[in-house]
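Undergrad: Mind looking over this structure? Questions follow.
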Amino acid sequence: SITFDGTDDCVNFDVSNLGNTATVEMWCKLKSFSNTMPFGWNRYDVYCNGGEMGYNTSASDRYGLTSTQVTNLGLLNNWKHYVFEMRTDVSYTNNKIYVNGVEQSLSQVAGTENSGNRSFNSGQGRIAGWRADNNYRMSMDLALFKVYNKALTASEISQNFNALRGRFGI
C-alpha cells in the first residue's frame, strides 16, 4: 500500500471518457475524519469532517454518512473497501456509498449542495485532496484506487469486494 501522511502527500490522476457518472473504488485505511478528503475532482469530492464522510461541493456541505455511522462501521483506522458512485447530471442526493460491498443509507449531514460545482473537472482529480487547491490532505494507507466511467452493479461491487478482502484481514 501507499501511505499518505496527511500533510503534503497527494497523487493527481486524469481519467478520459467520463460521462455523467463516475464510480471510484478504493481499498484504504482512513486515519482522519477531520477536514480531509480521500479524493476529489475540482470542487466535487468526498469530504470527511466532524467524524462524518460524504459528498461535498465546496459549500460547507456534506451528503453521506453521519458520525454515528462512521463509528458503527468502524471506518477510522481500519481497512475498508469503499465504492463511491457519483453523478453530475442530478443532485448528489442520487449518489451512493458502499462499504465492504454494502450500500449505505445516506443523509444531508451539513449545508446544501452547490450544483454549479458538481463536475468531474474534465477527468482531472486528486487522491488525498482535491484539484481546487493544496488543502484537505488525507492521512491514509491506500492499496487500490480505480475510477470507472459508469455505475457498477451491486453484483460487480460484491465481486470486487470478495476478490480481495482476504488480503486486508476483512
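Ordered as shown in the C-alpha cells, chains take letters A, B, and onward, while each chain numbers its residues from 1 and ligands are numbered from 1 in the order shown.
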Considering only C-alpha atoms, return as a PyMOL selection string whatever protein or nucleic-acid residues lie within 8 Å of segment 133-138 of chain A, sequence-local ones (same chain, fewer than 2 positions apart) excluded.

TA: chain A and resi 4-10+30-32+35-38+128-131+140

Undergrad: Can I get the selected residues back with N, CA and C atoms, as an mmCIF file, in the first residue's frame?

TA:
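The new file part-v2.cif reads:
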```cif
data_model
loop_
_atom_site.group_PDB
_atom_site.id
_atom_site.type_symbol
_atom_site.label_atom_id
_atom_site.label_comp_id
_atom_site.auth_asym_id
_atom_site.auth_seq_id
_atom_site.Cartn_x
_atom_site.Cartn_y
_atom_site.Cartn_z
ATOM 1 N N PHE A 4 -0.197 7.962 2.747
ATOM 2 C CA PHE A 4 -0.320 9.406 2.600
ATOM 3 C C PHE A 4 -0.280 9.984 4.009
ATOM 4 N N ASP A 5 0.617 10.930 4.257
ATOM 5 C CA ASP A 5 0.843 11.414 5.624
ATOM 6 C C ASP A 5 -0.156 12.459 6.097
ATOM 7 N N GLY A 6 -1.008 12.974 5.207
ATOM 8 C CA GLY A 6 -1.990 13.972 5.602
ATOM 9 C C GLY A 6 -1.437 15.388 5.648
ATOM 10 N N THR A 7 -0.163 15.545 5.306
ATOM 11 C CA THR A 7 0.467 16.856 5.355
ATOM 12 C C THR A 7 0.709 17.417 3.958
ATOM 13 N N ASP A 8 1.451 16.656 3.139
ATOM 14 C CA ASP A 8 1.810 17.176 1.822
ATOM 15 C C ASP A 8 1.759 16.120 0.720
ATOM 16 N N ASP A 9 1.265 14.930 1.020
ATOM 17 C CA ASP A 9 1.213 13.852 0.027
ATOM 18 C C ASP A 9 -0.105 13.882 -0.737
ATOM 19 N N CYS A 10 -0.003 13.678 -2.046
ATOM 20 C CA CYS A 10 -1.190 13.522 -2.886
ATOM 21 C C CYS A 10 -0.742 12.956 -4.225
ATOM 22 N N LEU A 30 -8.517 4.774 6.343
ATOM 23 C CA LEU A 30 -8.612 6.215 6.577
ATOM 24 C C LEU A 30 -8.213 6.505 8.018
ATOM 25 N N LYS A 31 -7.329 7.479 8.197
ATOM 26 C CA LYS A 31 -6.786 7.769 9.521
ATOM 27 C C LYS A 31 -7.288 9.076 10.114
ATOM 28 N N SER A 32 -8.204 9.757 9.417
ATOM 29 C CA SER A 32 -8.748 11.005 9.939
ATOM 30 C C SER A 32 -10.109 11.284 9.317
ATOM 31 N N ASN A 35 -11.621 17.370 8.444
ATOM 32 C CA ASN A 35 -11.149 18.324 7.436
ATOM 33 C C ASN A 35 -10.196 17.693 6.420
ATOM 34 N N THR A 36 -10.562 16.516 5.897
ATOM 35 C CA THR A 36 -9.733 15.792 4.941
ATOM 36 C C THR A 36 -10.577 15.240 3.792
ATOM 37 N N MET A 37 -9.911 14.907 2.680
ATOM 38 C CA MET A 37 -10.592 14.353 1.516
ATOM 39 C C MET A 37 -9.842 13.128 1.000
ATOM 40 N N PRO A 38 -10.505 11.972 0.926
ATOM 41 C CA PRO A 38 -9.866 10.808 0.314
ATOM 42 C C PRO A 38 -9.533 11.048 -1.162
ATOM 43 N N ALA A 128 -6.152 11.957 -2.051
ATOM 44 C CA ALA A 128 -5.724 12.598 -0.797
ATOM 45 C C ALA A 128 -5.848 14.121 -0.874
ATOM 46 N N GLY A 129 -6.909 14.584 -1.492
ATOM 47 C CA GLY A 129 -7.189 16.012 -1.610
ATOM 48 C C GLY A 129 -8.105 16.254 -2.793
ATOM 49 N N TRP A 130 -8.122 17.483 -3.293
ATOM 50 C CA TRP A 130 -8.868 17.827 -4.495
ATOM 51 C C TRP A 130 -8.023 18.725 -5.371
ATOM 52 N N ARG A 131 -8.413 18.896 -6.626
ATOM 53 C CA ARG A 131 -7.610 19.675 -7.564
ATOM 54 C C ARG A 131 -7.826 21.172 -7.422
ATOM 55 N N MET A 140 -3.916 8.478 5.145
ATOM 56 C CA MET A 140 -4.481 7.146 4.879
ATOM 57 C C MET A 140 -3.436 6.227 4.284
#
```

Undergrad: Which residues of segment 71-150 of chain A come within 12 Å of segment 45-49 of chain A, and for each one, what is the closest pair of atoms and their distance in Å to one decimal, counting only C-alpha atoms, sorted by chain and residue number, as a tab-separated table?

TA:
```
residue	atom	partner	partner_atom	distance
A:Leu75	CA	A:Cys48	CA	11.2
A:Leu76	CA	A:Cys48	CA	10.9
A:Tyr82	CA	A:Val46	CA	11.3
A:Val83	CA	A:Val46	CA	11.2
A:Phe84	CA	A:Val46	CA	8.4
A:Glu85	CA	A:Val46	CA	10.7
A:Met86	CA	A:Asp45	CA	9.1
A:Arg87	CA	A:Asp45	CA	11.2
A:Thr88	CA	A:Asp45	CA	11.6
A:Tyr92	CA	A:Asp45	CA	10.7
A:Asn95	CA	A:Val46	CA	11.1
A:Lys96	CA	A:Val46	CA	11.4
A:Ile97	CA	A:Val46	CA	10.2
A:Val109	CA	A:Asn49	CA	10.3
A:Ala110	CA	A:Asn49	CA	9.8
A:Glu113	CA	A:Asp45	CA	11.7
A:Asn117	CA	A:Asp45	CA	9.7
A:Arg118	CA	A:Asp45	CA	8.8
A:Ser119	CA	A:Asp45	CA	9.4
A:Phe120	CA	A:Asp45	CA	9.1
A:Asn121	CA	A:Asp45	CA	10.8
A:Gln124	CA	A:Asp45	CA	11.8
A:Gly125	CA	A:Asp45	CA	9.0
A:Arg126	CA	A:Asp45	CA	9.4
A:Ile127	CA	A:Asp45	CA	10.0
A:Ala128	CA	A:Val46	CA	9.9
A:Gly129	CA	A:Asp45	CA	8.3
A:Trp130	CA	A:Asp45	CA	6.8
A:Arg131	CA	A:Asp45	CA	9.5
A:Ala132	CA	A:Asp45	CA	10.2
A:Asn135	CA	A:Tyr47	CA	11.5
A:Tyr136	CA	A:Tyr47	CA	8.3
A:Arg137	CA	A:Tyr47	CA	10.3
A:Met138	CA	A:Cys48	CA	8.9
A:Ser139	CA	A:Cys48	CA	11.1
```

Undergrad: Quick one: of A:Ala154, A:Met53, A:Leu164, A:Leu144, who's nearest to Thr66 of chain A, counting only C-alpha atoms?

TA: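 Among the listed residues, A:Met53 lies closest to Thr66 of chain A.
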
Undergrad: With distances taken over only C-alpha atoms, which of A:Thr153, A:Val102, A:Ser91, A:Arg167 is nearest to Tyr63 of chain A?

TA: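 Using only C-alpha atoms, the shortest distance to Tyr63 of chain A belongs to A:Ser91.
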
Undergrad: Report, in Å with one decimal, the straight-line distance from atom CA of Leu142 of chain A to atom CA of Gly166 of chain A.

TA: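 A separation of 15.7 Å between them.
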
Undergrad: Mind listing the alpha helix (DSSP H) residues of chain A, per DSSP on the backbone, as a count of residues only?

TA: 17

Undergrad: Could you tell me how far atom CA of Thr68 of chain A sits from atom CA of Ile2 of chain A, in Å to one decimal place?

TA: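 Straight-line distance from atom CA of Ile2 of chain A to atom CA of Thr68 of chain A works out to 27.9 Å.
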
Undergrad: Name the closest residue to Ser107 of chain A among the candidates A:Ser60, A:Thr93, A:Asn20, A:Thr3; distances are taken between atoms, counting only C-alpha atoms.

TA: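 Selected residue with least distance to Ser107 of chain A: A:Thr93.
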
Undergrad: Run DSSP on the backbone and grab whatever in chain A lands in strand (DSSP E); send it over as a ChimeraX atom specification.

TA: /A:2-5,11-14,21-30,36-40,45-49,52-56,62-65,79-87,96-99,102-103,107-110,124-127,139-148

Undergrad: Export, as a PDB file, in the first residue's frame, the selected residues with C-alpha atoms.

TA:
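Wrote result.pdb, looks like this:
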```
ATOM      1  CA  ILE A   2       0.916   3.663  -0.280  1.00  0.00           C
ATOM      2  CA  THR A   3       0.905   5.822   2.836  1.00  0.00           C
ATOM      3  CA  PHE A   4      -0.320   9.406   2.600  1.00  0.00           C
ATOM      4  CA  ASP A   5       0.843  11.414   5.624  1.00  0.00           C
ATOM      5  CA  VAL A  11      -1.425  11.965  -6.345  1.00  0.00           C
ATOM      6  CA  ASN A  12      -3.073  13.635  -9.330  1.00  0.00           C
ATOM      7  CA  PHE A  13      -4.996  11.461 -11.777  1.00  0.00           C
ATOM      8  CA  ASP A  14      -6.620  12.024 -15.154  1.00  0.00           C
ATOM      9  CA  THR A  21     -21.496   9.034 -13.828  1.00  0.00           C
ATOM     10  CA  ALA A  22     -18.196   8.012 -12.289  1.00  0.00           C
ATOM     11  CA  THR A  23     -17.547   5.317  -9.730  1.00  0.00           C
ATOM     12  CA  VAL A  24     -14.452   5.394  -7.528  1.00  0.00           C
ATOM     13  CA  GLU A  25     -13.369   2.173  -5.843  1.00  0.00           C
ATOM     14  CA  MET A  26     -10.837   2.246  -3.011  1.00  0.00           C
ATOM     15  CA  TRP A  27      -9.274  -0.201  -0.556  1.00  0.00           C
ATOM     16  CA  CYS A  28      -7.903   2.013   2.160  1.00  0.00           C
ATOM     17  CA  LYS A  29      -7.398   2.683   5.826  1.00  0.00           C
ATOM     18  CA  LEU A  30      -8.612   6.215   6.577  1.00  0.00           C
ATOM     19  CA  THR A  36      -9.733  15.792   4.941  1.00  0.00           C
ATOM     20  CA  MET A  37     -10.592  14.353   1.516  1.00  0.00           C
ATOM     21  CA  PRO A  38      -9.866  10.808   0.314  1.00  0.00           C
ATOM     22  CA  PHE A  39     -10.176  12.142  -3.258  1.00  0.00           C
ATOM     23  CA  GLY A  40     -11.736  14.923  -5.262  1.00  0.00           C
ATOM     24  CA  ASP A  45     -15.220  15.442  -3.747  1.00  0.00           C
ATOM     25  CA  VAL A  46     -15.637  13.108  -0.801  1.00  0.00           C
ATOM     26  CA  TYR A  47     -15.046  15.140   2.347  1.00  0.00           C
ATOM     27  CA  CYS A  48     -14.513  13.960   5.921  1.00  0.00           C
ATOM     28  CA  ASN A  49     -15.114  16.370   8.789  1.00  0.00           C
ATOM     29  CA  GLU A  52     -18.665  12.367   9.113  1.00  0.00           C
ATOM     30  CA  MET A  53     -17.984  11.437   5.487  1.00  0.00           C
ATOM     31  CA  GLY A  54     -19.886  12.494   2.402  1.00  0.00           C
ATOM     32  CA  TYR A  55     -20.094  14.173  -0.941  1.00  0.00           C
ATOM     33  CA  ASN A  56     -19.115  17.843  -0.957  1.00  0.00           C
ATOM     34  CA  ARG A  62     -21.830  17.111   3.073  1.00  0.00           C
ATOM     35  CA  TYR A  63     -24.270  14.411   1.929  1.00  0.00           C
ATOM     36  CA  GLY A  64     -23.338  10.993   3.212  1.00  0.00           C
ATOM     37  CA  LEU A  65     -22.553   9.155   6.440  1.00  0.00           C
ATOM     38  CA  TRP A  79      -9.016  -1.371   6.143  1.00  0.00           C
ATOM     39  CA  LYS A  80     -12.275  -1.000   4.233  1.00  0.00           C
ATOM     40  CA  HIS A  81     -13.486  -1.390   0.672  1.00  0.00           C
ATOM     41  CA  TYR A  82     -15.236   1.813  -0.460  1.00  0.00           C
ATOM     42  CA  VAL A  83     -17.249   2.408  -3.612  1.00  0.00           C
ATOM     43  CA  PHE A  84     -18.384   5.970  -4.327  1.00  0.00           C
ATOM     44  CA  GLU A  85     -20.901   6.342  -7.163  1.00  0.00           C
ATOM     45  CA  MET A  86     -21.035   9.989  -8.230  1.00  0.00           C
ATOM     46  CA  ARG A  87     -23.310  11.815 -10.665  1.00  0.00           C
ATOM     47  CA  LYS A  96     -24.265   6.114  -3.418  1.00  0.00           C
ATOM     48  CA  ILE A  97     -21.629   4.900  -0.976  1.00  0.00           C
ATOM     49  CA  TYR A  98     -20.837   1.222  -0.428  1.00  0.00           C
ATOM     50  CA  VAL A  99     -18.663  -0.028   2.433  1.00  0.00           C
ATOM     51  CA  VAL A 102     -22.966  -2.997   1.333  1.00  0.00           C
ATOM     52  CA  GLU A 103     -24.829   0.111   0.165  1.00  0.00           C
ATOM     53  CA  SER A 107     -28.399  11.800   4.543  1.00  0.00           C
ATOM     54  CA  GLN A 108     -27.701  15.524   4.362  1.00  0.00           C
ATOM     55  CA  VAL A 109     -25.285  15.970   7.283  1.00  0.00           C
ATOM     56  CA  ALA A 110     -24.117  19.543   6.618  1.00  0.00           C
ATOM     57  CA  GLN A 124      -8.732  15.655 -13.567  1.00  0.00           C
ATOM     58  CA  GLY A 125      -8.755  14.558  -9.931  1.00  0.00           C
ATOM     59  CA  ARG A 126      -6.534  14.075  -6.928  1.00  0.00           C
ATOM     60  CA  ILE A 127      -6.090  11.293  -4.383  1.00  0.00           C
ATOM     61  CA  SER A 139      -3.915  10.702   6.113  1.00  0.00           C
ATOM     62  CA  MET A 140      -4.481   7.146   4.879  1.00  0.00           C
ATOM     63  CA  ASP A 141      -2.994   3.920   3.631  1.00  0.00           C
ATOM     64  CA  LEU A 142      -4.201   3.135   0.108  1.00  0.00           C
ATOM     65  CA  ALA A 143      -3.942  -0.244  -1.609  1.00  0.00           C
ATOM     66  CA  LEU A 144      -6.331   0.197  -4.552  1.00  0.00           C
ATOM     67  CA  PHE A 145      -7.778   3.172  -6.419  1.00  0.00           C
ATOM     68  CA  LYS A 146      -9.889   2.681  -9.561  1.00  0.00           C
ATOM     69  CA  VAL A 147     -12.183   5.033 -11.473  1.00  0.00           C
ATOM     70  CA  TYR A 148     -14.939   3.641 -13.686  1.00  0.00           C
TER      71      TYR A 148
END
```

Undergrad: Do a neighbour search on Ser155 of chain A at 9 Å with only C-alpha atoms, toss out local chain neighbours closer than 4 positions, and write the hits as a PyMOL selection string.

TA: chain A and resi 101+159-160
